[in-house]
Each structure stands twice: as C-alpha cells, then as structure tokens.
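Trainee: The file below is my_file_27.cif, mmCIF, C-alpha atoms and all ligand atoms:
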```cif
data_start
loop_
_atom_site.label_atom_id
_atom_site.label_comp_id
_atom_site.auth_asym_id
_atom_site.auth_seq_id
_atom_site.Cartn_x
_atom_site.Cartn_y
_atom_site.Cartn_z
CA MET J 14 19.88 10.35 -4.42
CA ARG J 15 16.46 11.93 -4.90
CA ARG J 16 14.02 9.89 -6.94
CA PRO J 17 10.67 11.16 -8.21
CA ILE J 18 7.15 9.83 -7.76
CA GLY J 19 5.77 8.80 -11.16
CA VAL J 20 2.14 9.56 -11.95
CA PHE J 21 0.21 8.69 -15.10
CA ASP J 22 -3.23 8.89 -16.68
CA SER J 23 -4.72 8.71 -20.15
CA GLY J 24 -4.64 12.50 -20.27
CA PHE J 25 -5.51 15.45 -18.05
CA GLY J 26 -7.62 13.58 -15.47
CA GLY J 27 -4.71 12.41 -13.36
CA LEU J 28 -3.85 16.06 -12.75
CA THR J 29 -6.67 16.07 -10.16
CA VAL J 30 -4.71 13.41 -8.27
CA ALA J 31 -1.37 15.10 -8.95
CA ARG J 32 -2.77 18.28 -7.40
CA ALA J 33 -3.51 16.48 -4.14
CA LEU J 34 -0.13 14.70 -4.21
CA LEU J 35 1.82 17.93 -4.74
CA ASP J 36 -0.15 19.77 -2.08
CA LEU J 37 0.40 17.01 0.48
CA MET J 38 4.05 16.31 -0.37
CA PRO J 39 5.49 19.55 -1.81
CA GLY J 40 9.07 18.41 -1.18
CA GLU J 41 8.78 15.41 -3.50
CA ASP J 42 9.89 15.41 -7.13
CA PHE J 43 7.12 14.42 -9.55
CA VAL J 44 7.01 13.16 -13.13
CA TYR J 45 3.54 13.10 -14.71
CA ILE J 46 2.72 11.44 -18.03
CA GLY J 47 -0.59 12.11 -19.76
CA ASP J 48 -1.16 9.58 -22.56
CA THR J 49 -3.17 12.09 -24.58
CA GLY J 50 -1.93 10.54 -27.83
CA ARG J 51 -3.90 7.37 -27.04
CA TYR J 52 -6.77 8.67 -24.85
CA PRO J 53 -9.59 7.86 -24.17
CA TYR J 54 -8.97 4.65 -22.27
CA GLY J 55 -12.53 4.28 -21.06
CA SER J 56 -13.98 3.03 -24.33
CA LYS J 57 -11.06 0.72 -25.22
CA PRO J 58 -10.84 -3.02 -24.49
CA LEU J 59 -9.29 -3.60 -21.05
CA ASP J 60 -6.49 -5.71 -22.62
CA GLU J 61 -5.34 -2.75 -24.68
CA VAL J 62 -5.51 -0.38 -21.68
CA ARG J 63 -3.51 -2.91 -19.62
CA GLU J 64 -0.75 -2.86 -22.22
CA TYR J 65 -0.58 0.95 -22.17
CA ALA J 66 -0.67 1.08 -18.38
CA VAL J 67 2.23 -1.36 -18.01
CA GLU J 68 4.19 0.54 -20.66
CA LEU J 69 3.71 3.90 -18.90
CA ALA J 70 4.51 2.58 -15.44
CA THR J 71 7.60 0.78 -16.76
CA SER J 72 8.80 3.93 -18.51
CA LEU J 73 8.41 5.93 -15.28
CA VAL J 74 10.62 3.42 -13.47
CA ASP J 75 13.17 2.70 -16.23
CA ASP J 76 13.48 6.13 -17.84
CA PHE J 77 12.84 8.42 -14.85
CA ASP J 78 13.95 6.23 -11.93
CA ALA J 79 10.57 6.62 -10.18
CA LYS J 80 10.63 5.32 -6.60
CA ALA J 81 6.86 4.80 -6.59
CA ILE J 82 4.01 4.94 -9.11
CA VAL J 83 0.59 6.47 -8.67
CA VAL J 84 -1.83 5.07 -11.24
CA ALA J 85 -3.97 8.21 -11.44
CA CYS J 86 -6.54 6.59 -13.70
CA ASN J 87 -9.43 4.34 -12.68
CA THR J 88 -9.61 2.58 -16.04
CA ALA J 89 -5.90 1.78 -16.01
CA THR J 90 -6.23 0.56 -12.42
CA ALA J 91 -9.21 -1.65 -13.27
CA ALA J 92 -7.42 -3.03 -16.33
CA GLY J 93 -3.81 -3.28 -15.29
CA LEU J 94 -3.09 -2.84 -11.59
CA GLU J 95 -2.24 -6.48 -10.93
CA GLU J 96 -0.04 -6.72 -14.00
CA ILE J 97 1.82 -3.51 -13.10
CA ARG J 98 2.38 -4.77 -9.54
CA ARG J 99 3.63 -8.09 -10.90
CA SER J 100 6.08 -6.51 -13.32
CA LEU J 101 7.59 -3.68 -11.22
CA ALA J 102 9.44 -3.73 -7.92
CA VAL J 103 8.41 -0.24 -6.69
CA PRO J 104 5.28 0.53 -4.63
CA ILE J 105 2.22 1.03 -6.84
CA ILE J 106 -0.61 3.19 -5.49
CA ASP J 107 -3.98 3.06 -7.23
CA VAL J 108 -7.09 5.25 -7.09
CA VAL J 109 -9.87 2.65 -6.80
CA ASP J 110 -9.28 1.40 -3.25
CA PRO J 111 -8.73 4.89 -1.79
CA GLY J 112 -11.87 6.11 -3.62
CA ALA J 113 -13.94 3.23 -2.28
CA SER J 114 -12.70 3.95 1.26
CA ALA J 115 -13.57 7.63 0.95
CA LEU J 116 -17.03 6.69 -0.31
CA VAL J 117 -17.96 4.32 2.51
CA ARG J 118 -16.62 6.69 5.14
CA ALA J 119 -18.64 9.61 3.79
CA THR J 120 -22.04 7.94 3.46
CA ARG J 121 -24.65 8.20 6.20
CA SER J 122 -27.41 6.14 4.60
CA GLY J 123 -25.22 3.41 3.08
CA GLN J 124 -26.84 4.05 -0.32
CA VAL J 125 -23.89 5.05 -2.47
CA GLY J 126 -23.11 5.53 -6.15
CA VAL J 127 -20.10 5.53 -8.42
CA ILE J 128 -19.73 6.92 -11.92
CA GLY J 129 -16.84 6.15 -14.24
CA THR J 130 -15.84 5.15 -17.73
CA VAL J 131 -17.41 2.21 -19.54
CA GLY J 132 -14.18 0.23 -18.93
CA THR J 133 -14.10 0.90 -15.19
CA ILE J 134 -17.80 0.29 -14.54
CA SER J 135 -17.97 -2.85 -16.69
CA SER J 136 -14.85 -4.30 -15.00
CA GLY J 137 -16.72 -4.58 -11.70
CA ALA J 138 -13.64 -3.17 -9.91
CA TYR J 139 -15.78 -0.89 -7.74
CA LEU J 140 -18.22 -3.62 -6.72
CA ARG J 141 -15.30 -5.52 -5.22
CA ALA J 142 -13.53 -2.46 -3.80
CA VAL J 143 -16.66 -1.02 -2.14
CA ASP J 144 -17.55 -4.40 -0.63
CA GLU J 145 -14.05 -4.72 0.78
CA ALA J 146 -13.95 -1.14 2.03
CA ALA J 147 -17.37 -1.53 3.70
CA ALA J 148 -16.20 -4.69 5.46
CA ARG J 149 -12.98 -2.96 6.54
CA HIS J 150 -14.84 0.00 7.98
CA GLY J 151 -17.65 -2.11 9.45
CA VAL J 152 -20.43 -0.35 7.54
CA HIS J 153 -23.16 -1.43 5.17
CA ALA J 154 -23.00 -0.02 1.64
CA GLU J 155 -25.24 -0.63 -1.33
CA LEU J 156 -23.67 0.49 -4.60
CA ALA J 157 -25.38 1.85 -7.70
CA SER J 158 -23.16 2.52 -10.69
CA ALA J 159 -23.32 4.22 -14.07
CA ALA J 160 -20.92 4.72 -16.94
CA CYS J 161 -20.65 8.25 -18.29
CA PRO J 162 -19.28 8.05 -21.84
CA GLY J 163 -18.58 11.52 -23.19
CA PHE J 164 -17.56 13.25 -19.95
CA VAL J 165 -13.83 12.62 -20.49
CA GLU J 166 -13.96 14.01 -24.03
CA PHE J 167 -15.40 17.31 -22.75
CA VAL J 168 -12.58 17.65 -20.21
CA GLU J 169 -9.93 16.81 -22.81
CA ARG J 170 -11.34 19.65 -24.91
CA GLY J 171 -11.17 21.99 -21.93
CA GLN J 172 -14.96 22.33 -21.90
CA THR J 173 -15.85 21.84 -18.24
CA THR J 174 -19.04 23.91 -17.98
CA GLY J 175 -21.85 25.07 -20.25
CA ASP J 176 -25.12 23.87 -21.76
CA GLU J 177 -23.74 20.90 -23.68
CA VAL J 178 -22.04 19.42 -20.60
CA MET J 179 -25.20 20.03 -18.58
CA VAL J 180 -27.46 18.28 -21.12
CA LEU J 181 -25.17 15.24 -21.19
CA ALA J 182 -24.86 15.20 -17.39
CA GLU J 183 -28.64 15.30 -16.94
CA ARG J 184 -29.04 12.31 -19.23
CA LEU J 185 -26.16 10.21 -17.89
CA LEU J 186 -26.81 10.93 -14.22
CA ALA J 187 -30.55 10.18 -14.34
CA PRO J 188 -30.04 6.63 -12.97
CA MET J 189 -27.96 8.04 -10.11
CA ARG J 190 -30.69 10.54 -9.25
CA ASP J 191 -33.25 7.73 -9.20
CA ALA J 192 -31.07 5.54 -6.99
CA ASN J 193 -31.70 7.55 -3.82
CA ILE J 194 -28.02 7.78 -2.90
CA ASP J 195 -26.52 10.22 -0.40
CA THR J 196 -22.91 10.01 -1.66
CA LEU J 197 -21.50 9.81 -5.18
CA LEU J 198 -17.91 8.82 -5.97
CA LEU J 199 -16.37 10.39 -9.04
CA GLY J 200 -14.74 7.16 -10.20
CA CYS J 201 -12.83 8.71 -13.08
CA THR J 202 -10.04 11.14 -12.39
CA HIS J 203 -11.29 13.48 -15.11
CA TYR J 204 -14.66 14.02 -13.41
CA PRO J 205 -13.59 16.40 -10.61
CA PHE J 206 -13.12 18.96 -13.40
CA LEU J 207 -16.88 18.60 -14.03
CA ALA J 208 -17.82 18.64 -10.34
CA ARG J 209 -19.79 21.88 -10.58
CA THR J 210 -22.08 20.49 -13.26
CA ILE J 211 -22.35 17.04 -11.65
CA GLY J 212 -23.12 18.65 -8.28
CA GLU J 213 -25.80 20.84 -9.79
CA VAL J 214 -27.50 17.87 -11.45
CA MET J 215 -27.32 15.65 -8.34
CA GLY J 216 -28.56 18.41 -6.03
CA PRO J 217 -27.38 19.62 -2.63
CA ASP J 218 -28.33 16.46 -0.71
CA VAL J 219 -25.78 14.28 -2.49
CA VAL J 220 -22.16 14.58 -1.36
CA LEU J 221 -19.58 14.24 -4.13
CA VAL J 222 -16.42 12.35 -3.24
CA SER J 223 -13.26 12.03 -5.33
CA SER J 224 -10.32 9.70 -4.80
CA ALA J 225 -7.64 12.41 -5.09
CA ASP J 226 -7.10 13.32 -1.42
CA GLU J 227 -7.50 9.76 -0.16
CA THR J 228 -4.99 8.56 -2.78
CA ALA J 229 -2.48 11.22 -1.75
CA PHE J 230 -2.79 10.18 1.91
CA ALA J 231 -2.38 6.52 0.93
CA ALA J 232 0.72 7.38 -1.11
CA ARG J 233 2.28 9.36 1.72
CA GLN J 234 1.60 6.59 4.21
CA GLN J 235 3.17 3.93 1.98
CA LEU J 236 6.25 6.05 1.28
CA GLU J 237 6.64 6.79 4.98
CA GLU J 238 6.32 3.14 5.95
CA LEU J 239 8.95 2.20 3.38
CA GLY J 240 11.31 4.99 4.41
CA LEU J 241 10.96 6.58 0.97
CA LEU J 242 9.30 9.87 1.95
CA GLU J 243 11.33 12.95 1.05
CA VAL J 244 12.05 14.89 4.21
CA SER J 245 13.68 17.96 2.64
CA ARG J 246 11.58 21.09 3.07
CA ALA J 247 12.67 22.54 -0.28
CA ARG J 248 10.08 22.41 -3.03
CA GLY J 249 10.60 19.44 -5.35
CA SER J 250 10.81 19.45 -9.15
CA ARG J 251 7.83 18.83 -11.43
CA ARG J 252 7.95 17.42 -14.95
CA PHE J 253 4.95 16.97 -17.21
CA LEU J 254 5.00 14.81 -20.34
CA SER J 255 2.45 14.01 -22.98
CA SER J 256 2.26 11.44 -25.77
CA GLY J 257 0.03 13.79 -27.76
CA ASP J 258 0.26 17.43 -28.80
CA VAL J 259 2.70 18.87 -26.26
CA GLU J 260 1.74 22.51 -26.78
CA ASN J 261 -1.93 21.67 -26.25
CA PHE J 262 -0.98 19.73 -23.12
CA ARG J 263 0.90 22.71 -21.73
CA GLU J 264 -1.84 25.20 -22.54
CA LEU J 265 -4.85 23.20 -21.39
CA GLY J 266 -2.86 21.66 -18.54
CA ALA J 267 -1.99 25.09 -17.18
CA MET J 268 -5.66 26.08 -17.38
CA LEU J 269 -6.79 22.96 -15.51
CA PHE J 270 -3.85 22.54 -13.12
CA GLY J 271 -2.53 26.03 -12.61
CA ALA J 272 0.70 27.88 -13.20
CA GLU J 273 2.90 25.06 -11.90
CA LEU J 274 2.37 23.35 -15.23
CA GLN J 275 4.63 25.76 -17.10
CA SER J 276 6.14 23.41 -19.63
CA ALA J 277 5.50 20.02 -21.13
CA GLU J 278 7.77 17.52 -22.84
CA PRO J 279 7.04 14.79 -25.36
CA TRP J 280 6.76 11.18 -24.25
CA ALA J 281 6.76 8.27 -26.65
CA ALA J 282 6.22 4.58 -26.10
CA ARG J 283 9.41 2.61 -26.81
N1 LIG S 1 -9.08 9.39 -16.25
C1 LIG S 1 -9.34 8.04 -16.53
C2 LIG S 1 -10.04 7.31 -15.42
O1 LIG S 1 -9.89 7.68 -14.27
C3 LIG S 1 -9.90 7.60 -17.85
C4 LIG S 1 -10.26 8.54 -18.88
C5 LIG S 1 -10.31 7.94 -20.28
O2 LIG S 1 -11.35 7.40 -20.68
O3 LIG S 1 -9.28 8.01 -20.93
O4 LIG S 1 -10.70 6.32 -15.65
#
```
Written as structure tokens, that's how I'd like the structure from this file.
Mentor:
Amino acid sequence: MRRPIGVFDSGFGGLTVARALLDLMPGEDFVYIGDTGRYPYGSKPLDEVREYAVELATSLVDDFDAKAIVVACNTATAAGLEEIRRSLAVPIIDVVDPGASALVRATRSGQVGVIGTVGTISSGAYLRAVDEAAARHGVHAELASAACPGFVEFVERGQTTGDEVMVLAERLLAPMRDANIDTLLLGCTHYPFLARTIGEVMGPDVVLVSSADETAFAARQQLEELGLLEVSRARGSRRFLSSGDVENFRELGAMLFGAELQSAEPWAAR
C-alpha cells in the first residue's frame, strides 16, 4: 500500500522545501498543508505554534496515512519538533538541522549568519544546531543572527520583488552586512522566494544557503534506511491543502510553485 509523505508549513514557504522533495523523489506521493488560515507563525508565542504544529502533523498521519512528516517550517520546528516526535510514531524530518549542516559546509571563513522569524531566532534553535553541526563537521563557525519580521507577509501576498521589499530588506539585513559573514542561511522557508532581493542587498561575496535541498536529501536517506522509500518509477500523486482561502492558495501557489499545483483543497483543524 502506497503511503504519502506529509509536508506542512504556516503557508506558502514550505513549498520551497516541497519543490526539492518532489524533484528528488518524484515517485513519492505527497500531501502538503499550508496553514494560511492561521499564518504567520513567526510572530506568535511558541506555545501556540507548537499546538498548531502537532495538530497539522497528527492530521497528516491520521487523516492521510502519511508514512513520514517533513516539518517544512523553521518556526514550527523550533517550537514543536520534540513534541511532534514524542506524539507520532512516523519519522519526522525537520529543516533546522539540515539547514545548519548546509551552512557550516558552505562557509570558508567560519563567519556565518542566519535570518528567520522572530520565533525562530528568539528560540535559539540555530545557536544549538549550528554548534552541533560545526562539531559534527569538525569546523569552526561563529553565528550572527537577525529576525526579519515582515518578509513572510510579502511572500504571502505574492510580492517577492520591488521597491518595498528592497527597502525592508536593506533595513533588516543591515546587521548581517555589518557582521562580515561569507555565508547566510535563509532560516525561514518563505525566504528563498525573496532570494533575489536578499542576494542583491548582501552582495556577491555572500553565499546564500537554504535548507530545502539538504532537507530533501535527509528525508530520502531516512526513508531509505527505514525501507520506506518508494521505488516505483511512475510519478506520484500530489495534494495541496490550505486552512485559509483555497482559491487564493491555488492561484498564488501555482505562481510560486509552478503548474504542478493545479488544485487545492480545504483543510480544517478538528
Ligand atoms: N515559513 C515559516 C518558517 O520557516 C514561518 C513563516 C511564518 O511566520 O508563518 O519559519
């Protein structure tokens, strides 16, 4: 019996991770839930985000029979990863550890930065994850971090370029420019949609890293180790659900993700 991989985020951001997952494992079935009805997570208390994260992951397992969950949201990972792992018996793949690994492997100088939501940055999740990743890879890394409130809202409106985004990016990224870093991790899954603007502000000497590819590789490895990887060469099914305006999710989702996001269905918390 085929079982899908469940993926969730507060909204459209997790689609950057879903893209990498689908490209790497086209034969798998996927169910994606964007909690657009309750986004943004980044400015909410971590307790509240934890509750939502557990609810979404549980729904993916109970209602869709997901064989594994990818928490495609840094804030939900920072707030609820341990609780989700405690309450569900399927493998749970997060984005923070893979992102931290990608960051420490990419840096040459060891001076690195991470940007994310207020919730993610204030949780300290990346301080721990980068320390652990640096120790694992035997490198030295010094981390500067900054919260970027407002970025997610632009993406959720479908506004990924333009003067307004640029003005905000220049203001929010000023501490990162002063920190003399050579590598910057986009520690929010929405931010790759703003990569052009972020890259322009940071300049050509700073490499931008996202957790999407690394997370997809981590997911494939775990599924393979557990004997859960789909070996069929036929293309798998894709379902997209939203707790908010479904038509808006389909329209904006197709713009951000591509034609594969042809339809969207409603999702409601039980
Ligand atoms: N995409 C999410 C993340 O990676 C959070 C966005 C939000 O604030 O809802 O942190």
Trainee: Just want the 9 Å neighbourhood of Ser56 of chain J, counted on all atoms listed in the file, with same-chain residues fewer than 4 positions away dropped. Output as a ChimeraX atom specification.
Mentor: /J:130-132,162
Trainee: Can you sort out the box for ligand LIG 1 (chain S), edges along x, y and z, all listed atoms in, 3 Å on every side, with centre and edge lengths in Å to one decimal, as AutoDock Vina command-line options?
Mentor:
```
--center_x -10.2 --center_y 7.9 --center_z -17.6 --size_x 8.3 --size_y 9.1 --size_z 12.7
```
Trainee: Neighbours of ligand LIG 1 (chain S) within 10 Å, counting only C-alpha atoms and all ligand atoms, as a PyMOL selection string?
Mentor: chain J and resi 21-30+47-49+51-57+62+84-92+108-109+128-134+161-166+168-169+199-204+224
Trainee: Near segment 245-257 of chain J, within 10 Å and counting all atoms listed in the file, which residues show up once chain neighbours fewer than 4 positions away are dropped, as a VMD selection string?
Mentor: chain J and resid 15 17 to 25 28 35 38 to 52 261 to 263 266 273 to 282
Trainee: For atom CA of Leu186 of chain J and atom CA of Ser158 of chain J, quote the distance in Å rounded to one decimal.
Mentor: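 Atom-to-atom, atom CA of Leu186 of chain J and atom CA of Ser158 of chain J are spaced 9.8 Å apart.
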Trainee: Got a sec: who's within 10 Å of Ala142 of chain J, counting only C-alpha atoms, leaving out chain neighbours fewer than 5 positions off, as a PyMOL selection string?
Mentor: chain J and resi 109-114+137+147-148
Trainee: Take atom CA of Glu96 of chain J and atom CA of Arg63 of chain J and report the distance between them in Å, one decimal.
Mentor: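 Computed distance, atom CA of Glu96 of chain J to atom CA of Arg63 of chain J, equals 7.6 Å.
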Trainee: Which one is closest to Leu156 of chain J: J:Ala115, J:Val103, J:Val125, J:Ala66? Count only C-alpha atoms.
Mentor: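 Checking each candidate against Leu156 of chain J, we get J:Val125 as the closest.
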Trainee: Would you compute the distance between atom CA of Phe206 of chain J and atom CA of Arg118 of chain J? Give it in Å to one decimal.
Mentor: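 Computed distance, atom CA of Phe206 of chain J to atom CA of Arg118 of chain J, equals 22.5 Å.
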